[in-house]
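K.L.:
Got a structure here, written out as C-alpha cells. Questions coming.
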Amino acid sequence: MSNFITEITPNRPVYTDNDPQGELTTLNLGPTHPATHGVFQNVLQMDGERIVSGVSTIGYIHRAFEKIAEHRPFYQITTLTDRLNYCSSPINNMGWHMTVEKLLDIKTPKRVDYMRVIVMELSRIADHLICNGILGVDTGAFSGFLYLMEEREHIYEIFEEVCGARLTTNIGRIGGFERDFNEITFQKIKKFIKNFPPILKEFEALFNRNRIFIERTSGVGAVSPEVAMGYSWSGPILRATGVDYDVRVNEPYASYEDFDFEIPVGTTGDVYDRFILRNEEMWQSLRIIEQALEKIEKEPKGVFHADVPEFYLPPKEQVYNNMEALIYHFKIVMGEVETPKTEVYHAVEGGNGELGFYLVNDGGRTPYRLHFRRPSFINYQMYAPMSGGMLLSDAIINMSSLNIIAGELDA
Amino acid sequence: MGKISNQHLIEKLTAKYGEQISAISEPYGLLTFEATRTVISDLLAFLKNDEELKFNYLTDITAIHYPEKENALGVIYHLHSFYNNVRIRIKVFLPVSDPTIPTATLLWDGANWMERETFDFFGIQFTGHPDLRRILNVDDMTVFPMRREYPLEDPNRVDKKDYFFGR
Amino acid sequence: MSEINIVEAPAGVEGSGFFATSLDKVIGLARSHSLWPLPFATSCCGIEFMATMGSHYDFSRFGSERPSFSPRQADLLMVMGTIAKKMAPVLKQVYIQMAEPRWVISVGACASSGGIFDTYSVLQGIDEIIPVDVYVPGCPPRPEAIIDGFNKIQELVKNESLRRRNSPEYAQLLAKYGIQ
C-alpha cells in the first residue's frame with residue numbers, strides 16, 4: 001500500500017487576494033478563536049469593522065466517520081453517531097437504529113417509540129439550551145448561560161439513569177432499548193418537566209424583550225426562505241425563515257404522528273427569530289414529553305424492545321446460561337445474520353435539522369457504504385457568503401445562532 | 001398538497017427521457033433510478049422547475065464506489081419536493097478513468113460544499129463547479145480516501161508493528 | 001455563607017514575626033492556585049468542559065477563574081477532543097506561543113491516544129507533537145474526572161522546582177518534539 005498520507009505539514013489557509021491596493025485588512029478568525037465555540041476558520045477581508053468577504057476552511061477535526069462505518073458492524077456504529085452532534089447524541093443514536101430497523105423491516109412496539117420520543121425530545125431541549133445559552137453569552141449576558149447549564153445537568157442525570165452515560169450516550173439498541181426505564185428515571189423526568197418551565201420562563205423574561213438583546217440580534221443574518229432552501233438549510237434556522245419543514249411532521253418516525261404539537265415558524269430568519277423559535281421548540285418538546293408520559297402509562301409494562309432475537313443482542317446472563325441466546329449472540333457479533341441487499345435513506349429531525357442516514361447494504365457484516373447527511377455541514381456553507389456586509393460582532397452571534405457543531409460539520 | 005405517486009413520476013420521467021433512465025426501483029418507497037451524465041443537468045433542472053413535481057430541495061449529494069464494476073463510481077442525488085412531500089434518488093455511474101459530471105451548483109447553491117465533499121472523498125470532477133477544492137482532508141493529500149482500495153488506518157503508523165506485541 | 005478553606009502553608013521555619021521557607025514552595029503554592037487554563041476544545045470533551053466550567057461543577061473554585069483564550073497569558077493548555085492531522089500544526093503553534101512555565105493536560109481518549117478514531121486523518125495522541133503532563137481518560141471524561149486531572153496538575157505545579165524549566169533535561173525534552 002502506498003504511503004498516501006503525508007507527514008504532518010503546516011496547513012496553509014487560503015487567502016483571497018482580491019484587494020491589490022491593500023485597503024482591506026485580512027483577518028484570520030480561527031481555528032482556535034474563543035468566539036467561535038469550535039474549530040472553524042474564516043479568513044475575512046475587513047473594511048474597518050465591516051466584513052467584505054470571507055472564506056471558510058473546515059475539516060479541522062475530520063475523523064473519517066464514513067470510512068470507519070464501512071469497517072464496523074451495525075451495532076457498533078451507534079458509538080460513532082454519538083460523536084456527530086454531541087450536544088444531542090440520543091437523537092443520532094435513535095436515528096441510526098431506526099435506519100437499520102427500516103432496512104430490516106422491524107416494527108417496534110409503541111412503548112419503545114414513546115420511550116424514544118421522550119429521550120429524543122429531552123436531548124432536543126439540551127441541544128437548544130446550549131445554543132441559546134451561548135447566544136446569550138455572545139451578546140454579553142452570561143447569567144442566562146449559567147441558569148440553563150444547571151437545567152442541562154438535570155437532563156444529563158436522566159440520561160445517566162437510562163444508559164449510564166452523560167454526553168456520548170450510546171442509548172438504545174437496534175430494536176429498542178438495552179434496558180427498561182426504571183422508576184427513578186420516570187421520577188426524574190416528571191421532576192424535570194415540573195421544574196424546568198419556570199426556569200425557561202425566567203430565561204425568556206431575561207432576553208425576549210430585553211432592549212439590548214433585541215438591538216443586537218434583530219435583523220442580523222436575515223435570510224429569505226428561497227435562499228435558505230436553495231442552500232438546503234434545514235431545522236430551526238430554516239423554520240425561522242418561515243418554511244414549515246420538520247421531519248417529525250413530514251415523515252413521522254417513532255410514532256410522532258400520535259402526538260399533538262406545533263411547529264413554530266419565524267418570519268424574517270434573523271438571529272432573534274432563531275432564538276425565539278428555539279425557545280418555542282423547547283416548550284413544544286415539553287408538551288410532547290408530557291403526552292408521551294401519559295401514553296406510556298397505557299402501554300403494557302416492561303416492553304422495551306422489539307421481539308427480534310436475530311438482531312437484538314440478548315442480555316449477558318442469558319448468553320451464558322441459554323443455548324439459544326448464545327447462538328444469537330454469536331450470529332450477531334460475527335455478522336452471520338441475513339440482511340437485505342438494498343439501500344435505505346432515513347431522516348430524523350436532529351437538533352440542527354434533517355439528520356439523514358443513507359445506508360447501502362450488501363448483506364455483509366458491515367455497511368457497504370454509509371453516508372451521513374449532516375445538517376451542520378450543509379447549514380454552515382452559507383456562513384461565509386452571508387457574512388459579507390456584516391459587522392464582525394454580528395457575524396459572531398450569527399455563527400452562535402446557526403449552532404454549528406464541529407463534530408457534525410467535519411464528520 | 002396532493003402526494004404524487006411514484007408510478008406517476010416514473011411515467012412522467014420515462015415519457016421525457018425514455019432510454020436515458022434505467023434500473024428503476026422503489027426500495028422502501030423511495031423512487032430510485034439511474035441516469036446518464038449527459039442528461040443529469042437537464043433532468044435535475046426539469047425535476048426542480050416542473051410545475052407539478054417541484055423537487056425544490058436538494059437533500060444530499062454523495063458518491064459510492066464499486067471497484068468491480070465497469071462504471072465504478074456512482075454519484076447519488078437525493079431530492080425532496082416540499083410541495084408534494086416526496087423524495088427521489090438519482091444515481092449516475094461513471095468510469096474511474098473519467099469521473100466527470102456536470103455540477104448542480106447552477107440549480108442549488110447548497111450543492112457547492114456537497115460536491116466539494118464528494119470530490120474530496122471520491123475524486124468526482126464536477127465540471128463547472130466554481131471552487132472545486134478539498135474540503136475536509138488536508139490540502140496536500142494526493143488520493144481520494146473513501147475509494148475502496150485505500151485503508152482506514154494510517155499506513156505510516158509505527159506503534160502497531162508486530163514486534164511491539166512479541167509476534 | 002459557606003466555609004472557606006485556607007490552604008496549608010508549606011513546611012518552613014516559623015518564629016515570632018518571621019516565617020522562612022524556600023522560594024520554590026511559595027511560588028509553587030501561589031501558582032498552583034491561580035492557574036489560567038486555555039481550553040483548546042475541539043469536540044465532545046469540550047462540551048463536558050463547558051459543564052465543568054458551568055454553574056453545577058464550578059471549575060473556578062480551583063483558582064482558574066479566568067479561562068484564558070489567548071495562549072500568551074495561559075499557564076495550562078487543556079486539550080479536549082480529537083486532534084486531526086489538519087489541526088496538529090495549530091495545536092503545536094498554540095503550545096509554542098504559550099509562555100513558560102506551561103503545563104499540558106490531555107482530556108479524553110481522543111487527545112490522549114486517538115480514541116476510537118484509528119483513522120488516516122486523526123493524530124494518535126497529542127503526545128506525538130507536544131509534551132503532556134496529565135492524561136485524563138474517558139470518552140468523554142465526566143466533569144469530576146476533568147477536575148481530578150486539574151488537581152493532579154496543581155500537585156505538579158506545587159512541587160516543581162523553579163529551575164526545572166532552565167535545565168538541560170527540559171531543553172532536551174522539548175528538542176524531542178522539535179521545539180526550541
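We label chains A, B, ... in the order they appear in the C-alpha cells, count residues from 1 in each chain, and number ligands from 1 in the order shown.
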Select, as a list in words, those residues of chain C with any atom no more than 6 Å from chain B (distances computed using only C-alpha atoms).

P.N.:
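Matching residues, ligands excluded from the count: Lys86, Asp118, Thr119 and Tyr120 of chain C.
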
K.L.:
Kindly export the residues of the current selection with N, CA and C atoms, as a compact mmCIF listing (two decimals), in the first residue's frame.

P.N.:
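What ended up in out.txt:
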```
# COMPACT_ATOMS: atom_id res chain seq x y z
N LYS C 86 -4.91 17.74 10.42
CA LYS C 86 -5.02 19.10 9.90
C LYS C 86 -4.88 20.11 11.03
N ASP C 118 -9.21 5.44 14.96
CA ASP C 118 -7.92 4.95 14.48
C ASP C 118 -7.93 5.09 12.96
N THR C 119 -7.86 6.31 12.47
CA THR C 119 -8.03 6.53 11.04
C THR C 119 -6.88 7.35 10.48
N TYR C 120 -6.91 7.47 9.16
CA TYR C 120 -5.84 8.18 8.48
C TYR C 120 -5.80 9.66 8.82
```

K.L.:
Contacts between chain A and chain C, please, where a residue of chain C counts if it comes within 7 Å (with only C-alpha atoms); show its shortest atom pair and distance in Å to one decimal, rows by chain and ascending number, as CSV.

P.N.:
```
residue,atom,partner,partner_atom,distance
C:Ala41,CA,A:Gly38,CA,6.7
C:Thr42,CA,A:Gly38,CA,5.6
C:Ser43,CA,A:Gly407,CA,5.9
C:Cys44,CA,A:Tyr86,CA,5.7
C:Ala51,CA,A:Met149,CA,6.9
C:Gly54,CA,A:Leu146,CA,6.1
C:Ser55,CA,A:Leu146,CA,5.5
C:His56,CA,A:Glu150,CA,5.8
C:Phe69,CA,A:Pro34,CA,5.8
C:Thr82,CA,A:Ile61,CA,6.3
C:Ile83,CA,A:Ile61,CA,6.1
C:Ala84,CA,A:Ile61,CA,4.9
C:Lys85,CA,A:Ile8,CA,6.3
C:Lys86,CA,A:Tyr60,CA,5.4
C:Met87,CA,A:Tyr60,CA,5.1
C:Pro89,CA,A:Pro10,CA,5.6
C:Phe117,CA,A:Arg63,CA,6.4
C:Thr119,CA,A:Ala64,CA,6.7
C:Ser121,CA,A:Arg63,CA,5.8
C:Val122,CA,A:Arg63,CA,5.9
```

K.L.:
If you measure from CA of Thr26 (chain A) to CA of Asp47 (chain A), what distance in Å do you get, rounded to one decimal?

P.N.:
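These two atoms are separated by 9.0 Å.
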
K.L.:
What does the distance between CA of Lys54 (chain B) and CA of Leu79 (chain B) come to in Å, to one decimal place?

P.N.:
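Between these atoms lies a distance of 10.0 Å.
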
K.L.:
Could you list, as a ChimeraX atom specification, every residue within 8 Å of Thr118 (chain B), counting only C-alpha atoms and ignoring same-chain residues fewer than 4 positions away?

P.N.:
/B:61-63,114,122-124

K.L.:
Which residues of chain B are close to chain A, meaning at most 10 Å apart when you count only C-alpha atoms, and how do they look as number ranges by chain?

P.N.:
B: 26-30, 32, 56-66, 78, 82, 85-87, 89, 105, 107-114, 117, 121, 134-156

K.L.:
Taking 6 positions as the minimum chain separation for residues in the same chain, which residues sit within 12 Å of Ala175 (chain C) when counting only C-alpha atoms? Answer as a PyMOL selection string.

P.N.:
chain C and resi 129-131+168-169

K.L.:
With C-alpha atoms retained, write the just-selected residues as a compact mmCIF listing (two decimals), in the first residue's frame.

P.N.:
```txt
# COMPACT_ATOMS: atom_id res chain seq x y z
CA ILE C 129 3.66 16.61 18.89
CA ILE C 130 3.77 18.24 22.35
CA PRO C 131 4.77 17.04 25.82
CA PRO C 168 19.28 20.88 30.04
CA GLU C 169 16.91 17.93 30.57
```

K.L.:
One decimal, Å: what's the distance from CA of Glu204 (chain A) over to CA of Gly136 (chain A), could you say?

P.N.:
11.0 Å

K.L.:
If we count only C-alpha atoms and set the cut-off at 12 Å, which residues sit around region 182-193 of chain A, ignoring sequence neighbours fewer than 5 positions away in its own chain? Please answer as a PyMOL selection string.

P.N.:
chain A and resi 115+118-119+121-122+125+150-164+198-200+282-294+296-297+301-302+304

K.L.:
Go ahead and write the residues just picked, N, CA and C atoms, as a compact mmCIF listing (two decimals), in the first residue's frame.

P.N.:
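File produced: out12.txt:
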```
# COMPACT_ATOMS: atom_id res chain seq x y z
N MET A 115 -40.82 5.78 24.49
CA MET A 115 -39.58 5.96 25.26
C MET A 115 -38.57 6.73 24.42
N ILE A 118 -39.41 10.38 24.27
CA ILE A 118 -39.03 11.10 25.48
C ILE A 118 -37.54 11.44 25.45
N VAL A 119 -36.73 10.45 25.15
CA VAL A 119 -35.28 10.67 25.17
C VAL A 119 -34.87 11.68 24.10
N GLU A 121 -36.70 14.06 22.71
CA GLU A 121 -37.14 15.43 22.98
C GLU A 121 -36.32 16.04 24.11
N LEU A 122 -35.94 15.20 25.09
CA LEU A 122 -35.06 15.73 26.15
C LEU A 122 -33.76 16.21 25.54
N ILE A 125 -34.09 19.44 23.84
CA ILE A 125 -34.05 20.55 24.79
C ILE A 125 -32.61 20.85 25.18
N GLU A 150 -27.46 24.65 34.47
CA GLU A 150 -27.95 23.92 35.64
C GLU A 150 -29.06 22.94 35.21
N GLU A 151 -29.92 23.41 34.32
CA GLU A 151 -31.03 22.56 33.87
C GLU A 151 -30.52 21.45 32.96
N ARG A 152 -29.50 21.78 32.16
CA ARG A 152 -28.98 20.74 31.29
C ARG A 152 -28.39 19.60 32.10
N GLU A 153 -27.81 19.94 33.25
CA GLU A 153 -27.30 18.88 34.12
C GLU A 153 -28.42 17.92 34.51
N HIS A 154 -29.61 18.46 34.74
CA HIS A 154 -30.72 17.58 35.12
C HIS A 154 -31.09 16.63 33.98
N ILE A 155 -31.01 17.14 32.75
CA ILE A 155 -31.29 16.25 31.62
C ILE A 155 -30.22 15.16 31.56
N TYR A 156 -28.99 15.55 31.80
CA TYR A 156 -27.92 14.56 31.76
C TYR A 156 -28.09 13.52 32.87
N GLU A 157 -28.64 13.96 33.99
CA GLU A 157 -28.89 12.98 35.05
C GLU A 157 -29.91 11.94 34.60
N ILE A 158 -30.90 12.41 33.84
CA ILE A 158 -31.89 11.45 33.32
C ILE A 158 -31.22 10.47 32.37
N PHE A 159 -30.37 11.00 31.48
CA PHE A 159 -29.67 10.10 30.55
C PHE A 159 -28.81 9.10 31.32
N GLU A 160 -28.18 9.58 32.37
CA GLU A 160 -27.35 8.68 33.17
C GLU A 160 -28.18 7.55 33.74
N GLU A 161 -29.40 7.92 34.16
CA GLU A 161 -30.28 6.91 34.74
C GLU A 161 -30.70 5.90 33.67
N VAL A 162 -30.88 6.39 32.44
CA VAL A 162 -31.34 5.49 31.38
C VAL A 162 -30.21 4.59 30.88
N CYS A 163 -29.02 5.19 30.68
CA CYS A 163 -28.00 4.41 29.99
C CYS A 163 -26.64 4.44 30.68
N GLY A 164 -26.45 5.28 31.66
CA GLY A 164 -25.18 5.28 32.38
C GLY A 164 -24.19 6.33 31.92
N PRO A 198 -40.52 27.01 34.89
CA PRO A 198 -40.23 28.32 35.49
C PRO A 198 -38.86 28.88 35.10
N ILE A 199 -37.87 27.98 34.99
CA ILE A 199 -36.52 28.44 34.63
C ILE A 199 -36.51 28.98 33.21
N LEU A 200 -37.19 28.25 32.32
CA LEU A 200 -37.23 28.69 30.94
C LEU A 200 -37.97 30.02 30.84
N MET A 282 -38.55 24.34 22.59
CA MET A 282 -38.39 23.69 23.88
C MET A 282 -39.73 23.52 24.57
N TRP A 283 -40.59 24.55 24.46
CA TRP A 283 -41.94 24.41 25.05
C TRP A 283 -42.68 23.27 24.40
N GLN A 284 -42.57 23.19 23.07
CA GLN A 284 -43.28 22.11 22.37
C GLN A 284 -42.72 20.75 22.77
N SER A 285 -41.39 20.68 22.95
CA SER A 285 -40.79 19.42 23.37
C SER A 285 -41.34 19.00 24.73
N LEU A 286 -41.49 19.98 25.61
CA LEU A 286 -42.05 19.65 26.92
C LEU A 286 -43.46 19.09 26.77
N ARG A 287 -44.24 19.71 25.87
CA ARG A 287 -45.59 19.20 25.63
C ARG A 287 -45.55 17.75 25.17
N ILE A 288 -44.62 17.48 24.26
CA ILE A 288 -44.52 16.11 23.72
C ILE A 288 -44.16 15.13 24.84
N ILE A 289 -43.21 15.54 25.68
CA ILE A 289 -42.78 14.62 26.74
C ILE A 289 -43.95 14.34 27.68
N GLU A 290 -44.71 15.39 28.01
CA GLU A 290 -45.87 15.18 28.89
C GLU A 290 -46.84 14.16 28.29
N GLN A 291 -47.12 14.36 26.99
CA GLN A 291 -48.05 13.42 26.34
C GLN A 291 -47.48 12.01 26.32
N ALA A 292 -46.16 11.93 26.07
CA ALA A 292 -45.55 10.61 25.98
C ALA A 292 -45.63 9.89 27.32
N LEU A 293 -45.45 10.65 28.41
CA LEU A 293 -45.53 10.03 29.73
C LEU A 293 -46.93 9.49 29.97
N GLU A 294 -47.94 10.25 29.53
CA GLU A 294 -49.32 9.76 29.69
C GLU A 294 -49.55 8.51 28.86
N ILE A 296 -47.43 6.35 27.77
CA ILE A 296 -46.64 5.19 28.19
C ILE A 296 -47.35 4.42 29.30
N GLU A 297 -48.12 5.16 30.10
CA GLU A 297 -48.87 4.53 31.19
C GLU A 297 -49.84 3.48 30.65
N LYS A 301 -46.57 -2.81 30.51
CA LYS A 301 -45.31 -2.52 31.20
C LYS A 301 -44.22 -3.52 30.82
N GLY A 302 -43.00 -3.06 30.93
CA GLY A 302 -41.87 -3.97 30.77
C GLY A 302 -41.48 -4.27 29.34
N PHE A 304 -39.55 -3.20 26.30
CA PHE A 304 -38.58 -2.16 25.95
C PHE A 304 -37.78 -2.49 24.70
```

K.L.:
Could you please write out, as a PyMOL selection string, every residue of region 64-165 of chain B that DSSP assigns to helix (DSSP H, G or I)?

P.N.:
chain B and resi 111-122+162-165

K.L.:
Name the residues of region 25-120 of chain C that come out as strand (DSSP E) in a backbone DSSP run; write them as a ChimeraX atom specification.

P.N.:
/C:37-41,76-80,103-107

K.L.:
What lies within 6 Å of Phe126 (chain B) using only C-alpha atoms, ignoring chain neighbours under 2 positions off, as a VMD selection string?

P.N.:
chain B and resid 100 to 103 129

K.L.:
Emit the selected residues as a PDB file, in the first residue's frame, including N, CA and C atoms.

P.N.:
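Wrote it out as selection18.pdb, contents follow:
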```pdb
ATOM      1  N   THR B 100     -16.139  12.570 -14.604  1.00  0.00           N
ATOM      2  CA  THR B 100     -16.623  13.946 -14.703  1.00  0.00           C
ATOM      3  C   THR B 100     -18.134  13.948 -14.835  1.00  0.00           C
ATOM      4  N   ILE B 101     -18.726  14.967 -14.235  1.00  0.00           N
ATOM      5  CA  ILE B 101     -20.178  15.095 -14.269  1.00  0.00           C
ATOM      6  C   ILE B 101     -20.485  16.586 -14.151  1.00  0.00           C
ATOM      7  N   PRO B 102     -21.529  17.069 -14.812  1.00  0.00           N
ATOM      8  CA  PRO B 102     -21.830  18.498 -14.680  1.00  0.00           C
ATOM      9  C   PRO B 102     -22.264  18.845 -13.255  1.00  0.00           C
ATOM     10  N   THR B 103     -21.959  20.054 -12.854  1.00  0.00           N
ATOM     11  CA  THR B 103     -22.262  20.469 -11.489  1.00  0.00           C
ATOM     12  C   THR B 103     -23.746  20.772 -11.327  1.00  0.00           C
ATOM     13  N   HIS B 129     -18.039  23.610 -11.581  1.00  0.00           N
ATOM     14  CA  HIS B 129     -18.091  23.976 -10.164  1.00  0.00           C
ATOM     15  C   HIS B 129     -17.209  25.195  -9.923  1.00  0.00           C
TER      16      HIS B 129
END
```

K.L.:
Nearest to Glu115 (chain B): which of B:Phe93, B:Phe55, B:Tyr77, B:Tyr17 is it, counting only C-alpha atoms?

P.N.:
B:Tyr77

K.L.:
Could you pull the residues within 10 Å of Gln97 (chain C), counting only C-alpha atoms, minus those fewer than 2 positions along the same chain, as a PDB file with N, CA and C atoms, in the first residue's frame?

P.N.:
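Output below, filename around-v1.pdb:
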```pdb
ATOM      1  N   SER C  70      -6.363  33.439  25.167  1.00  0.00           N
ATOM      2  CA  SER C  70      -5.147  33.770  24.444  1.00  0.00           C
ATOM      3  C   SER C  70      -4.010  32.925  24.990  1.00  0.00           C
ATOM      4  N   PRO C  71      -3.267  32.253  24.133  1.00  0.00           N
ATOM      5  CA  PRO C  71      -2.185  31.410  24.633  1.00  0.00           C
ATOM      6  C   PRO C  71      -1.101  32.208  25.351  1.00  0.00           C
ATOM      7  N   ARG C  72      -0.989  33.483  25.057  1.00  0.00           N
ATOM      8  CA  ARG C  72       0.093  34.278  25.655  1.00  0.00           C
ATOM      9  C   ARG C  72      -0.067  34.411  27.163  1.00  0.00           C
ATOM     10  N   GLN C  73      -1.273  34.436  27.631  1.00  0.00           N
ATOM     11  CA  GLN C  73      -1.480  34.635  29.068  1.00  0.00           C
ATOM     12  C   GLN C  73      -1.954  33.375  29.765  1.00  0.00           C
ATOM     13  N   ALA C  74      -1.722  32.228  29.161  1.00  0.00           N
ATOM     14  CA  ALA C  74      -2.221  31.000  29.773  1.00  0.00           C
ATOM     15  C   ALA C  74      -1.079  30.200  30.377  1.00  0.00           C
ATOM     16  N   LEU C  91      -2.223  23.224  16.933  1.00  0.00           N
ATOM     17  CA  LEU C  91      -2.031  22.921  18.350  1.00  0.00           C
ATOM     18  C   LEU C  91      -0.587  23.175  18.761  1.00  0.00           C
ATOM     19  N   LYS C  92       0.328  22.759  17.915  1.00  0.00           N
ATOM     20  CA  LYS C  92       1.736  22.941  18.236  1.00  0.00           C
ATOM     21  C   LYS C  92       2.075  24.431  18.310  1.00  0.00           C
ATOM     22  N   GLN C  93       1.501  25.173  17.383  1.00  0.00           N
ATOM     23  CA  GLN C  93       1.767  26.610  17.389  1.00  0.00           C
ATOM     24  C   GLN C  93       1.222  27.259  18.660  1.00  0.00           C
ATOM     25  N   VAL C  94       0.035  26.844  19.067  1.00  0.00           N
ATOM     26  CA  VAL C  94      -0.540  27.384  20.290  1.00  0.00           C
ATOM     27  C   VAL C  94       0.369  27.078  21.479  1.00  0.00           C
ATOM     28  N   TYR C  95       0.893  25.834  21.502  1.00  0.00           N
ATOM     29  CA  TYR C  95       1.778  25.455  22.597  1.00  0.00           C
ATOM     30  C   TYR C  95       3.032  26.323  22.588  1.00  0.00           C
ATOM     31  N   ALA C  99       3.749  31.104  27.204  1.00  0.00           N
ATOM     32  CA  ALA C  99       4.962  31.477  27.919  1.00  0.00           C
ATOM     33  C   ALA C  99       5.285  30.417  28.964  1.00  0.00           C
ATOM     34  N   GLU C 100       6.558  30.250  29.258  1.00  0.00           N
ATOM     35  CA  GLU C 100       6.980  29.349  30.328  1.00  0.00           C
ATOM     36  C   GLU C 100       6.661  29.969  31.675  1.00  0.00           C
TER      37      GLU C 100
END
```
